[in-house]
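Engineer: Starting off with a structure, shown below.
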Amino acid sequence: MGDSGGSVVSVDVERISFGGKEHHIQTNHGSVSVAIYGDHDKPALITYPDIALNHMSCFQGLLFCPEAASLLLHNFCIYHISPPGHELGAAPILPSTPVASVDDLADQVADVLDFFGLDSVMCLGVTAGAYILTLFATKYRERVLGLILVSPLCKAPSWSEWFYNKVMSNLLYYYGMCNVVKDILLQRYFGKGVRGCSTEPESDIVQACRSFLDQRQGMNVWRFIQTINERKDLTENLKQLQCRTLIFVGENSQFHAEAVHMTAKLDSRYSALVEVSICMHINFSEHQFWGCIPSLLSVQVQACGSVVTEEQPHAMLIPMEYFLMGYGLYRPSQINCSPRSPLNPFCISPELLSPESMGVKLKPIKTRAK
């Protein structure tokens, strides 16, 4: 079991950023930025973005979707953790500062929870951020209520990923955030349909992301890539996870196979995979979620890349709603329920929310694109 140990100190606490308050926390493993949105008395949702992104470029699309914002902000106080040096207006990290390991970043998350006095939290991570939160969940199992992972990584880098990361690292080291690096990152994030081509312009979300990348400190991004390129395989630890897990992956994601692999290695009683494709069919497997859940749900969406939170955030809404029902959490339009009410998972007996107790027979998961 991991141990964050030591104490943490927060500095520059009063910076206000797009409706949230940004805290800079000096942890046992370096400085980290945390932007907080919502009521501190509500349960905590921790987010962690992919390489070269922060909460504004990775989760803005999801939180600008009114239904998703209603679901999440009604039930959670959101703590957006940025990778070191990825926050808005970040200064270059001093060259003498050691490059953090993936374990350091997972322990940083524990330090953040300690600083804010948070016990157990829900986690939402995208790709590299999903890996950090999964590693955190394997080290601090009692501190994670559930995982919502988008195009997650769980294995050591493949040769192709390792090569692309090395190319980006070399370009960042010598040329900074140049156009070639931005193009590689945009291919990592988005599907072909929104990236544009010689006859079609880039979509608004890709243009906005390209603008965000212009603001990144190249050497700070280089550091995170170095960290992720040295990650270890978590496959053997996945069965130890004691929380329910919901995984999203785009049909065109570079990490589609890895998400399917991760789903196969998780305890099937507590996990589900949602593939975001041209026609998405979601079957929730037996025992996956504790709530009144239909056996089949069909959602029509376009093909999607890795960062589903930006490219197709509306496709996440209904699966997340059913996932959170298992914790007694609902959108306010469905039920006038506070996260502190007897419906929340801290107050209700799990047996009362089991499919068997409600007479619901759930089918095995099977997702396919027509």
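Just so we're on the same page: first chain in the structure tokens is A, next is B, and so on; residues restart at 1 for each chain, and ligands are numbered from 1 in the order they show up.
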Restrict the calculation to only C-alpha atoms, then for each residue of range 92-181 of chain A with any atom at most 10 Å from an atom of range 222-225 of chain A give the closest atom pair and their distance in Å to one decimal, rows by chain and rising residue number, as JSON lines.
Structural biologist:
{"residue": "A:Ile93", "atom": "CA", "partner": "A:Arg223", "partner_atom": "CA", "distance": 9.1}
{"residue": "A:Pro95", "atom": "CA", "partner": "A:Arg223", "partner_atom": "CA", "distance": 10.0}
{"residue": "A:Pro98", "atom": "CA", "partner": "A:Arg223", "partner_atom": "CA", "distance": 9.2}
{"residue": "A:Val99", "atom": "CA", "partner": "A:Arg223", "partner_atom": "CA", "distance": 6.0}
{"residue": "A:Ala100", "atom": "CA", "partner": "A:Arg223", "partner_atom": "CA", "distance": 7.7}
{"residue": "A:Ser101", "atom": "CA", "partner": "A:Phe224", "partner_atom": "CA", "distance": 9.0}
{"residue": "A:Val102", "atom": "CA", "partner": "A:Phe224", "partner_atom": "CA", "distance": 9.2}
{"residue": "A:Leu105", "atom": "CA", "partner": "A:Phe224", "partner_atom": "CA", "distance": 9.8}
{"residue": "A:Ala128", "atom": "CA", "partner": "A:Phe224", "partner_atom": "CA", "distance": 9.2}
{"residue": "A:Trp162", "atom": "CA", "partner": "A:Ile225", "partner_atom": "CA", "distance": 9.8}
{"residue": "A:Asn165", "atom": "CA", "partner": "A:Ile225", "partner_atom": "CA", "distance": 6.5}
{"residue": "A:Lys166", "atom": "CA", "partner": "A:Ile225", "partner_atom": "CA", "distance": 8.4}
{"residue": "A:Met168", "atom": "CA", "partner": "A:Trp222", "partner_atom": "CA", "distance": 7.8}
{"residue": "A:Ser169", "atom": "CA", "partner": "A:Trp222", "partner_atom": "CA", "distance": 5.4}
{"residue": "A:Asn170", "atom": "CA", "partner": "A:Trp222", "partner_atom": "CA", "distance": 8.4}
{"residue": "A:Leu171", "atom": "CA", "partner": "A:Trp222", "partner_atom": "CA", "distance": 9.1}
{"residue": "A:Leu172", "atom": "CA", "partner": "A:Trp222", "partner_atom": "CA", "distance": 6.1}
{"residue": "A:Tyr173", "atom": "CA", "partner": "A:Trp222", "partner_atom": "CA", "distance": 6.9}
{"residue": "A:Gly176", "atom": "CA", "partner": "A:Trp222", "partner_atom": "CA", "distance": 8.9}
{"residue": "A:Met177", "atom": "CA", "partner": "A:Trp222", "partner_atom": "CA", "distance": 9.5}
Engineer: For Ser158 in chain A, list every protein, DNA or RNA residue within 12 Å, evaluated using only C-alpha atoms, and leave out those in the same chain fewer than 2 positions away; present the list as a PyMOL selection string.
Structural biologist: chain A and resi 153-156+160-165+228-233+254-255+257-258
Engineer: Store the residues of this selection in a file with N, CA and C atoms, as a compact mmCIF listing (two decimals), in the first residue's frame.
Structural biologist:
# COMPACT_ATOMS: atom_id res chain seq x y z
N LEU A 153 -4.22 4.11 -20.70
CA LEU A 153 -3.01 3.31 -20.83
C LEU A 153 -2.89 2.44 -19.59
N CYS A 154 -2.41 1.22 -19.76
CA CYS A 154 -2.15 0.38 -18.59
C CYS A 154 -0.93 -0.49 -18.77
N LYS A 155 -0.44 -0.61 -20.00
CA LYS A 155 0.75 -1.42 -20.26
C LYS A 155 1.97 -0.51 -20.45
N ALA A 156 3.16 -1.12 -20.46
CA ALA A 156 4.36 -0.37 -20.84
C ALA A 156 4.21 0.07 -22.29
N SER A 160 5.86 1.30 -31.11
CA SER A 160 5.43 2.45 -31.92
C SER A 160 5.18 3.67 -31.04
N GLU A 161 4.53 3.48 -29.88
CA GLU A 161 4.32 4.61 -28.98
C GLU A 161 5.64 5.13 -28.46
N TRP A 162 6.53 4.22 -28.06
CA TRP A 162 7.85 4.61 -27.57
C TRP A 162 8.59 5.44 -28.61
N PHE A 163 8.51 5.02 -29.89
CA PHE A 163 9.20 5.73 -30.96
C PHE A 163 8.63 7.14 -31.14
N TYR A 164 7.30 7.24 -31.23
CA TYR A 164 6.68 8.55 -31.40
C TYR A 164 6.99 9.48 -30.22
N ASN A 165 6.99 8.92 -29.01
CA ASN A 165 7.33 9.73 -27.85
C ASN A 165 8.77 10.22 -27.91
N ILE A 228 6.04 9.31 -18.85
CA ILE A 228 5.10 8.33 -19.37
C ILE A 228 5.82 7.28 -20.21
N ASN A 229 6.90 7.66 -20.88
CA ASN A 229 7.62 6.69 -21.71
C ASN A 229 8.39 5.67 -20.88
N GLU A 230 8.55 5.94 -19.59
CA GLU A 230 9.23 5.00 -18.69
C GLU A 230 8.25 4.27 -17.77
N ARG A 231 6.98 4.30 -18.11
CA ARG A 231 5.97 3.70 -17.23
C ARG A 231 6.09 2.18 -17.22
N LYS A 232 5.55 1.60 -16.14
CA LYS A 232 5.57 0.15 -15.99
C LYS A 232 4.20 -0.42 -16.37
N ASP A 233 4.18 -1.73 -16.57
CA ASP A 233 2.94 -2.43 -16.91
C ASP A 233 2.11 -2.64 -15.64
N GLN A 254 -5.75 5.79 -30.97
CA GLN A 254 -4.51 5.02 -31.09
C GLN A 254 -4.40 3.99 -29.97
N PHE A 255 -5.18 4.17 -28.90
CA PHE A 255 -5.06 3.31 -27.72
C PHE A 255 -6.29 2.42 -27.53
N ALA A 257 -6.86 -0.67 -28.62
CA ALA A 257 -6.50 -2.04 -28.22
C ALA A 257 -6.11 -2.09 -26.75
N GLU A 258 -5.45 -1.04 -26.28
CA GLU A 258 -5.02 -1.02 -24.88
C GLU A 258 -6.23 -0.91 -23.94
Engineer: If you run DSSP over the backbone, which residues in range 104-193 of chain A end up alpha helix (DSSP H)? Put them as a PyMOL selection string.
Structural biologist: chain A and resi 104-116+128-139+159-175+179-189+192-193
Engineer: Env of range 81-89 of chain A: 7 Å cut, atoms = only C-alpha atoms, seq-sep filter 2 positions within chain, self excluded. Answer as a PyMOL selection string.
Structural biologist: chain A and resi 31-35+47-49+52-55+79+91-93+216+220
Engineer: For range 54-153 of chain A against range 304-319 of chain A, with a cut-off of 9 Å and counting only C-alpha atoms, what is the closest atom pair and its distance in Å to one decimal for every residue that makes the cut, ordered by chain and number, as a tab-separated table?
Structural biologist:
residue	atom	partner	partner_atom	distance
A:Ser57	CA	A:Glu310	CA	7.9
A:Cys58	CA	A:Glu310	CA	6.3
A:Phe59	CA	A:Thr309	CA	5.8
A:Gln60	CA	A:Glu310	CA	7.0
A:Gly61	CA	A:Glu310	CA	4.6
A:Leu62	CA	A:Pro313	CA	4.9
A:Leu63	CA	A:Pro313	CA	8.5
A:Phe64	CA	A:Pro313	CA	8.9
A:Cys65	CA	A:His314	CA	6.8
A:Glu67	CA	A:Leu317	CA	7.2
A:Ala68	CA	A:Leu317	CA	5.8
A:Leu71	CA	A:Leu317	CA	8.4
A:Val126	CA	A:Val307	CA	6.7
A:Thr127	CA	A:Ser306	CA	7.4
A:Val150	CA	A:Val308	CA	6.8
A:Ser151	CA	A:Ser306	CA	5.4
A:Pro152	CA	A:Ser306	CA	8.8
Engineer: Taking into account only C-alpha atoms, which residue in the set A:Leu94, A:Asp119, A:Gln26, A:Met219 is nearest to Leu45 in chain A?
Structural biologist: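 Counting only C-alpha atoms, the residue closest to Leu45 in chain A is A:Asp119.
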Engineer: Residues at most 7 Å from Tyr330 in chain A, counting only C-alpha atoms, excluding those fewer than 5 positions away in the same chain, as a list of chain:residue names?
Structural biologist: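 Near neighbours after the sequence-gap exclusion: A:Leu71, A:Glu321, A:Leu324, A:Met325, A:Ile335.
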Engineer: Could you pull out the residues in range 45-246 of chain A that DSSP calls strand (DSSP E or B) from the backbone, as a list of chain:residue names?
Structural biologist: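 Going through range 45-246 of chain A, the strand (DSSP E or B) residues come out as A:Leu45, A:Ile46, A:Thr47, A:Tyr48, A:Cys77, A:Ile78, A:Tyr79, A:His80, A:Ile81, A:Val121, A:Met122, A:Cys123, A:Leu124, A:Gly125, A:Val126, A:Val144, A:Leu145, A:Gly146, A:Leu147, A:Ile148, A:Leu149, A:Val150, A:Arg244, A:Thr245, A:Leu246.
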Engineer: Using only C-alpha atoms for the distances, tell me which of A:Leu145, A:Ala264, A:Leu118, A:Val221 is nearest to Lys182 in chain A.
Structural biologist: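 Of the candidates, the smallest distance to Lys182 in chain A is held by A:Val221.
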Engineer: Could you tell me which of A:Ala69, A:Met56, A:Leu238, A:Ala44 comes closest to Arg143 in chain A if we count only C-alpha atoms?
Structural biologist: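 Closest residue, counting only C-alpha atoms: A:Ala44.
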Engineer: I'd like the contact shell of range 203-207 of chain A - 8 Å cut-off, only C-alpha atoms, skipping same-chain residues fewer than 3 positions apart - returned as an MDAnalysis selection string.
Structural biologist: chainID A and resid 186 190 194:196 210:211 310:311
Engineer: Now that the selection is made, can you save its residues with C-alpha atoms as a PDB file, in the first residue's frame?
Structural biologist:
ATOM      1  CA  LEU A 186      -3.397  16.276 -32.401  1.00  0.00           C
ATOM      2  CA  PHE A 190      -8.554  13.376 -32.197  1.00  0.00           C
ATOM      3  CA  VAL A 194     -12.224  16.577 -36.981  1.00  0.00           C
ATOM      4  CA  ARG A 195      -8.506  17.002 -37.809  1.00  0.00           C
ATOM      5  CA  GLY A 196      -9.228  18.142 -41.348  1.00  0.00           C
ATOM      6  CA  ARG A 210      -3.707  23.853 -31.287  1.00  0.00           C
ATOM      7  CA  SER A 211      -3.957  27.310 -29.717  1.00  0.00           C
ATOM      8  CA  GLU A 310     -13.487  17.106 -26.033  1.00  0.00           C
ATOM      9  CA  GLU A 311     -14.443  15.442 -29.300  1.00  0.00           C
TER      10      GLU A 311
END
